[in-house]
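Step one of this worksheet: look at the structure below.
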Protein chains: 2
Amino acid sequence: MVTLEDVAKQAGVSLATASRVLNGSTRQVGAALRARVERAADELGYRANIAAQTLARGASNVIGIVVHDLTDPYFAALADGAMRAAAIEGLLVMVGTTHRDPEQEIAYVATLNAQRVRAVLLVGSRVADAGVTGRLREELARYRNGGGRAACVGQDLLGVDTVAPANREGAAELARALAGLGHTRFAVLAGPPHLVTAADRCAGFAGALKELGLPAPHVIHGPFDRDGGYAAAQQVRGDATCVFAVNDVMAVGALAAYRERGVRVPEDVSVAGFDDIVTLRDHVPALTTVRLPLKDMGARALELALGEAEMVVVEQVAGEVVLRESVRRMT
Amino acid sequence: MVTLEDVAKQAGVSLATASRVLNGSTRQVGAALRARVERAADELGYRANIAAQTLARGASNVIGIVVHDLTDPYFAALADGAMRAAAIEGLLVMVGTTHRDPEQEIAYVATLNAQRVRAVLLVGSRVADAGVTGRLREELARYRNGGGRAACVGQDLLGVDTVAPANREGAAELARALAGLGHTRFAVLAGPPHLVTAADRCAGFAGALKELGLPAPHVIHGPFDRDGGYAAAQQVRGDATCVFAVNDVMAVGALAAYRERGVRVPEDVSVAGFDDIVTLRDHVPALTTVRLPLKDMGARALELALGEAEMVVVEQVAGEVVLRESVRRMT
DNA sequence: GGCACACTGGAAACCGTTTTCCAGGAGGTC
DNA sequence: GACCTCCTGGAAAACGGTTTCCAGTGTGCC
């Protein structure tokens, strides 16, 4: 491995000069020496050792992003947004996936702390478990005490800058829109009760129905993924005319379940989701959903993490109800 | 930031002892001291500085994965497979996305080299551009000369261990299967001509048709994504009874285009894709495609990169034709 | 009791940079 | 011409660990 010293020797200059030429410094270096150093570096194929730079500079140009599951398009979109923003800032990205294990999330924060990454982004729903959340907060505090910056996409439960999708309000608005189409008997494929995002969407939906004086929905819990939606759809009571799956991939699972059973959507039952996943936009029937600007949210979270605000900032992101063919008007 | 020295001081031991206790060493440390060190580390909230460790050890526990586009489920699945394998090995992952710019790929290899990552995985099709490929090979050689390991998922064009999907053979087999259903006039939504994966699939398909004595397909080039499929489908000649999109997301785009125009699939035209993307498995009509074990391929690429084989190994991965409802029998 | 040896702990060199500090020379001003 | 300042280059001290020696202790064996 060729080092800066090799380059300096070959160019006949000191280490300091070589460093100044190659790795950006405020100091000027004379044209002649500069050229010699550059030529030497090129000839030798020098690549700075970033570990050494990080150590010497006390700051790295890496950020960490922790997501639940990269193969879930929801997280892929958020991560992509953040990564584009990072690329613009000249930052490298370490991605960790927890596969929905909160302990993994804590472990990642510890590791990213050890890496002294510039910022950590925690992307995805918090869980309703004070113990886990407490330990995560602790680990995060340790990191931030050392000068680390952090932000979160999800719920404002960690005491760090947060991009918070308006899950309750979005679900409520969806409920009102669906009620406006004449639906009165609803079911909710609610995901896991401990997942805050799922719980908020469910609660927002149910709350709006209540305000409208409609009967409470039939709530069915299950996993937060496609198969969870598929399974939950099997248990929906027959009298429901409209089913709200708390995310799009669950909704797609539900649609598959109905299709297999010969239940027509939207003729026999209406189905709605949440997120407006781009990959699913060509699904048939087209999914009614609540659109979230996922890429922007990811990018915004990175901005917040890097930003200098002395106060913790929490940004609500509104969802937009998008009515498509998976729901019908009842009348 | 609390350092090992702080811990050593607090525990009243030397730096060496603290290091041996906390960061794994072959050397034994007495129980009493060991306990003191551990307690001190815990009290102070010590986290080893990985940059310093990497520097001192001369080896890092990070690997790099470079993909074209993380929001494309094809890459998400491959990356996820590799990341799971990495997690098992206790490795951290840096992910870079090129957004399909080959220059970015070269730049990433340089950066990952600077990071002295343990291995680099280049995931995705090569491009048919000798200049770009040459420069990438150069950068890769530089990295490997410094002791780096590399592997590739795609085509064996870089002189590194490669997991190579059998694009030609898979497409040929698909062509034979479709011909077996009675189709004779084909179109191929072929993607960009310079993208080797796309070109191979197109060539394999056309080659098989030729062997069968069928007319050459109508080949339409365009982008390798959903919108590319959508646009290309508009240009298909009216006499084609079966359209092969060289990947699944393009096929979905084509299906959308047909749906909008009121062309029924498969009644009016049959459509097939390639990859068998999991996220699309609930698409209607269900997509005929060639299944690739993407997660396994990603994991296998990591194994190869980490492996000790002195020879460059190239592993062909066969695709499996999956006939589903997006194609019909002609008779 | 003496000796070799295994074992544990510490001092210090080293990993590859950055950056502070110092020295020397050029240029400007009075 | 003397003095000051500005600018450029180099020596060396960090940065936070790991690891090689080296020294001291206790043990087993003859």
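Please note that chains go A, B, ... in the order of the structure tokens, that every chain numbers its residues from 1, and that ligands are numbered from 1 in the order shown.
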
Wanna dump the chain A-chain C contacts at 9 Å for me, each residue with its shortest atom pair and the distance in Å to one decimal, counting only C-alpha atoms (C1' of nucleotides), ordered by chain and number, as a tab-separated table?
```
residue	atom	partner	partner_atom	distance
A:Thr3	CA	C:DG16	C1'	6.9
A:Leu4	CA	C:DG16	C1'	7.3
A:Glu5	CA	C:DG16	C1'	8.3
A:Ala16	CA	C:DT18	C1'	8.2
A:Ser19	CA	C:DT18	C1'	7.7
A:Arg20	CA	C:DT18	C1'	9.0
A:Ala48	CA	C:DT17	C1'	8.3
A:Asn49	CA	C:DG16	C1'	6.6
A:Ile50	CA	C:DT17	C1'	8.4
A:Ala51	CA	C:DG16	C1'	8.2
A:Ala52	CA	C:DT17	C1'	4.9
A:Gln53	CA	C:DT17	C1'	5.0
A:Thr54	CA	C:DT17	C1'	8.2
A:Leu55	CA	C:DT17	C1'	7.6
A:Ala56	CA	C:DT18	C1'	5.4
A:Arg57	CA	C:DT18	C1'	6.2
```

Chain D near chain B within 7 Å: what's each residue's closest atom pair and its distance in Å to one decimal, counting only C-alpha atoms (C1' of nucleotides), ordered by chain then ascending residue number, as JSON lines?
```
{"residue": "D:DG16", "atom": "C1'", "partner": "B:Ala52", "partner_atom": "CA", "distance": 5.2}
{"residue": "D:DG17", "atom": "C1'", "partner": "B:Ala52", "partner_atom": "CA", "distance": 4.9}
{"residue": "D:DT18", "atom": "C1'", "partner": "B:Ala56", "partner_atom": "CA", "distance": 5.5}
```

File of the preceding selection, N, CA and C atoms (P, O5', C5', C4', C3', O3' and C1' of nucleotides), as an mmCIF file, in the first residue's frame:
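Result file follows (part_27.cif):
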```cif
data_model
loop_
_atom_site.group_PDB
_atom_site.id
_atom_site.type_symbol
_atom_site.label_atom_id
_atom_site.label_comp_id
_atom_site.auth_asym_id
_atom_site.auth_seq_id
_atom_site.Cartn_x
_atom_site.Cartn_y
_atom_site.Cartn_z
ATOM 1 P P DG D 16 -8.066 11.272 20.506
ATOM 2 O "O5'" DG D 16 -8.025 9.686 20.374
ATOM 3 C "C5'" DG D 16 -8.837 9.066 19.392
ATOM 4 C "C4'" DG D 16 -8.438 7.620 19.267
ATOM 5 C "C3'" DG D 16 -8.395 6.857 20.593
ATOM 6 O "O3'" DG D 16 -8.933 5.571 20.376
ATOM 7 C "C1'" DG D 16 -6.369 6.613 19.485
ATOM 8 P P DG D 17 -9.536 4.763 21.598
ATOM 9 O "O5'" DG D 17 -9.427 3.270 21.054
ATOM 10 C "C5'" DG D 17 -8.313 2.463 21.359
ATOM 11 C "C4'" DG D 17 -7.625 2.067 20.074
ATOM 12 C "C3'" DG D 17 -6.845 0.777 20.180
ATOM 13 O "O3'" DG D 17 -7.590 -0.270 19.621
ATOM 14 C "C1'" DG D 17 -5.526 2.541 19.194
ATOM 15 P P DT D 18 -7.253 -1.768 20.029
ATOM 16 O "O5'" DT D 18 -5.849 -2.025 19.320
ATOM 17 C "C5'" DT D 18 -5.825 -2.237 17.917
ATOM 18 C "C4'" DT D 18 -4.444 -2.695 17.503
ATOM 19 C "C3'" DT D 18 -4.013 -4.042 18.067
ATOM 20 O "O3'" DT D 18 -3.329 -4.704 17.017
ATOM 21 C "C1'" DT D 18 -2.436 -2.398 18.657
#
```

So that I can see what lies close to range 27-43 of chain B, please list as a list in words the residues with an atom at most 6 Å from it, counting only C-alpha atoms (C1' of nucleotides) and leaving out residues fewer than 6 positions away in the same chain.
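Counting only C-alpha atoms (C1' of nucleotides), the residues come to Val7, Ala11 and Val21 of chain B.
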
Run DSSP on the backbone and tell me which residues of range 150-279 of chain A come out as helix (DSSP H, G or I); list them as a PyMOL selection string.
chain A and resi 167-180+196-211+226-234+248-261+278-279

Nearest-residue call for Gly81 in chain B, choices B:Gln115, B:Ala208, B:His218, B:Leu121, using only C-alpha atoms:
B:Leu121

Using only C-alpha atoms, which chain B residues lie at most 7 Å away from chain A, written as a ChimeraX atom specification?
/B:1,45,47-52,54-55,70-71,73,76-77,80,93-96,114-116,146,252,256,282-284

Strand (DSSP E) per DSSP on the backbone: members of range 51-227 of chain A, as a compact mmCIF listing (two decimals) with N, CA and C atoms, in the first residue's frame:
```txt
# COMPACT_ATOMS: atom_id res chain seq x y z
N VAL A 62 -18.33 10.16 6.81
CA VAL A 62 -19.27 9.06 6.63
C VAL A 62 -20.50 9.34 7.48
N ILE A 63 -21.64 9.00 6.94
CA ILE A 63 -22.85 9.04 7.77
C ILE A 63 -23.43 7.63 7.81
N GLY A 64 -24.23 7.37 8.80
CA GLY A 64 -24.85 6.07 8.93
C GLY A 64 -26.35 6.17 8.78
N ILE A 65 -26.92 5.23 8.08
CA ILE A 65 -28.38 5.18 7.96
C ILE A 65 -28.83 3.81 8.43
N VAL A 66 -29.75 3.79 9.34
CA VAL A 66 -30.26 2.52 9.84
C VAL A 66 -31.72 2.37 9.43
N VAL A 67 -32.01 1.34 8.67
CA VAL A 67 -33.39 1.11 8.24
C VAL A 67 -33.83 -0.27 8.70
N LEU A 92 -20.06 9.81 2.51
CA LEU A 92 -20.25 8.40 2.23
C LEU A 92 -21.30 7.85 3.18
N VAL A 93 -21.87 6.74 2.79
CA VAL A 93 -23.00 6.23 3.56
C VAL A 93 -22.77 4.80 4.01
N MET A 94 -22.96 4.57 5.29
CA MET A 94 -23.01 3.20 5.78
C MET A 94 -24.46 2.86 6.04
N VAL A 95 -24.91 1.76 5.50
CA VAL A 95 -26.31 1.39 5.69
C VAL A 95 -26.40 0.15 6.56
N GLY A 96 -27.23 0.21 7.55
CA GLY A 96 -27.48 -0.97 8.37
C GLY A 96 -28.93 -1.35 8.30
N THR A 97 -29.20 -2.64 8.25
CA THR A 97 -30.60 -3.05 8.29
C THR A 97 -30.83 -3.86 9.56
N ALA A 119 -22.93 11.63 11.21
CA ALA A 119 -24.33 11.70 11.59
C ALA A 119 -24.96 10.31 11.47
N VAL A 120 -25.99 10.12 12.25
CA VAL A 120 -26.73 8.87 12.20
C VAL A 120 -28.19 9.18 11.90
N LEU A 121 -28.75 8.45 10.95
CA LEU A 121 -30.17 8.60 10.63
C LEU A 121 -30.89 7.31 11.01
N LEU A 122 -31.87 7.44 11.88
CA LEU A 122 -32.67 6.27 12.24
C LEU A 122 -33.97 6.36 11.48
N VAL A 123 -34.14 5.46 10.56
CA VAL A 123 -35.28 5.54 9.66
C VAL A 123 -36.27 4.44 9.96
N ARG A 149 -24.06 13.72 15.49
CA ARG A 149 -25.35 14.32 15.18
C ARG A 149 -26.30 13.20 14.77
N ALA A 150 -27.57 13.39 15.07
CA ALA A 150 -28.53 12.33 14.75
C ALA A 150 -29.85 12.92 14.34
N ALA A 151 -30.57 12.16 13.55
CA ALA A 151 -31.93 12.53 13.19
C ALA A 151 -32.71 11.24 12.97
N CYS A 152 -34.01 11.41 12.93
CA CYS A 152 -34.87 10.25 12.87
C CYS A 152 -36.00 10.51 11.90
N VAL A 153 -36.39 9.48 11.17
CA VAL A 153 -37.62 9.56 10.39
C VAL A 153 -38.61 8.64 11.08
N ASP A 161 -33.63 15.49 16.25
CA ASP A 161 -34.36 16.06 15.13
C ASP A 161 -35.15 14.96 14.43
N THR A 162 -36.37 15.28 14.09
CA THR A 162 -37.23 14.22 13.55
C THR A 162 -38.06 14.71 12.38
N VAL A 163 -38.14 13.88 11.37
CA VAL A 163 -39.10 14.08 10.30
C VAL A 163 -40.25 13.12 10.60
N ALA A 164 -41.39 13.68 10.92
CA ALA A 164 -42.49 12.86 11.40
C ALA A 164 -43.64 12.87 10.42
N PRO A 165 -43.88 11.76 9.73
CA PRO A 165 -45.04 11.70 8.87
C PRO A 165 -46.31 11.85 9.71
N PHE A 186 -66.15 -0.39 8.43
CA PHE A 186 -64.75 -0.50 8.06
C PHE A 186 -64.03 -1.62 8.80
N ALA A 187 -62.97 -2.10 8.17
CA ALA A 187 -62.02 -2.94 8.88
C ALA A 187 -60.64 -2.30 8.73
N VAL A 188 -59.78 -2.52 9.71
CA VAL A 188 -58.41 -2.01 9.63
C VAL A 188 -57.45 -3.18 9.78
N LEU A 189 -56.59 -3.35 8.78
CA LEU A 189 -55.50 -4.31 8.89
C LEU A 189 -54.38 -3.53 9.55
N ALA A 190 -54.23 -3.74 10.85
CA ALA A 190 -53.59 -2.73 11.68
C ALA A 190 -52.12 -2.94 11.93
N GLY A 191 -51.55 -4.04 11.44
CA GLY A 191 -50.14 -4.26 11.73
C GLY A 191 -49.93 -4.60 13.20
N HIS A 218 -63.45 -2.77 12.55
CA HIS A 218 -62.98 -4.08 12.99
C HIS A 218 -61.46 -4.10 12.83
N VAL A 219 -60.74 -4.16 13.93
CA VAL A 219 -59.28 -4.05 13.89
C VAL A 219 -58.62 -5.42 13.95
N ILE A 220 -57.76 -5.70 12.98
CA ILE A 220 -57.07 -6.99 12.94
C ILE A 220 -55.56 -6.74 12.94
N HIS A 221 -54.90 -7.28 13.93
CA HIS A 221 -53.45 -7.07 14.01
C HIS A 221 -52.70 -8.16 13.27
```

Name all residues at most 10 Å from Ala85 in chain B (count only C-alpha atoms (C1' of nucleotides); drop same-chain ones fewer than 4 positions away) and give them as a list in words.
Ala79, Asp80, Gly81, Glu89, Gly90, Leu91, Lys295, Asp296, Gly298, Ala299, Arg300, Ala301, Leu302 and Glu303 of chain B

Output file for the residues above (C-alpha atoms, as a compact mmCIF listing (two decimals), in the first residue's frame):
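Below is the file that was written, result_4.txt:
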```txt
# COMPACT_ATOMS: atom_id res chain seq x y z
CA ALA B 79 -27.89 -5.82 -1.67
CA ASP B 80 -30.03 -7.31 1.04
CA GLY B 81 -28.64 -10.75 0.37
CA GLU B 89 -19.53 -12.30 9.30
CA GLY B 90 -19.69 -9.32 11.62
CA LEU B 91 -18.94 -6.89 8.83
CA LYS B 295 -30.68 -12.81 -2.41
CA ASP B 296 -28.55 -15.90 -2.77
CA GLY B 298 -25.83 -11.28 -3.34
CA ALA B 299 -24.78 -13.50 -0.46
CA ARG B 300 -22.70 -15.67 -2.72
CA ALA B 301 -20.89 -12.67 -4.16
CA LEU B 302 -19.86 -11.67 -0.66
CA GLU B 303 -18.60 -15.16 0.05
```

So that I can see what lies close to Met311 in chain A, please list as a PyMOL selection string the residues with an atom at most 10 Å from it, counting only C-alpha atoms (C1' of nucleotides) and leaving out residues fewer than 3 positions away in the same chain.
chain A and resi 160-161+308+314

For the atom pair CA of Leu212 in chain B and CA of Gln155 in chain B, what is the interatomic distance in Å to one decimal place?
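Taking CA of Leu212 in chain B and CA of Gln155 in chain B, their separation equals 26.6 Å.
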
If you measure from CA of His183 in chain A to CA of Asp225 in chain A, what distance in Å do you get, rounded to one decimal?
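Computed distance, CA of His183 in chain A to CA of Asp225 in chain A, equals 25.4 Å.
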
Length of the CA of Asp268 in chain A to CA of Gly238 in chain A vector [Å]
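These two atoms are separated by 10.2 Å.
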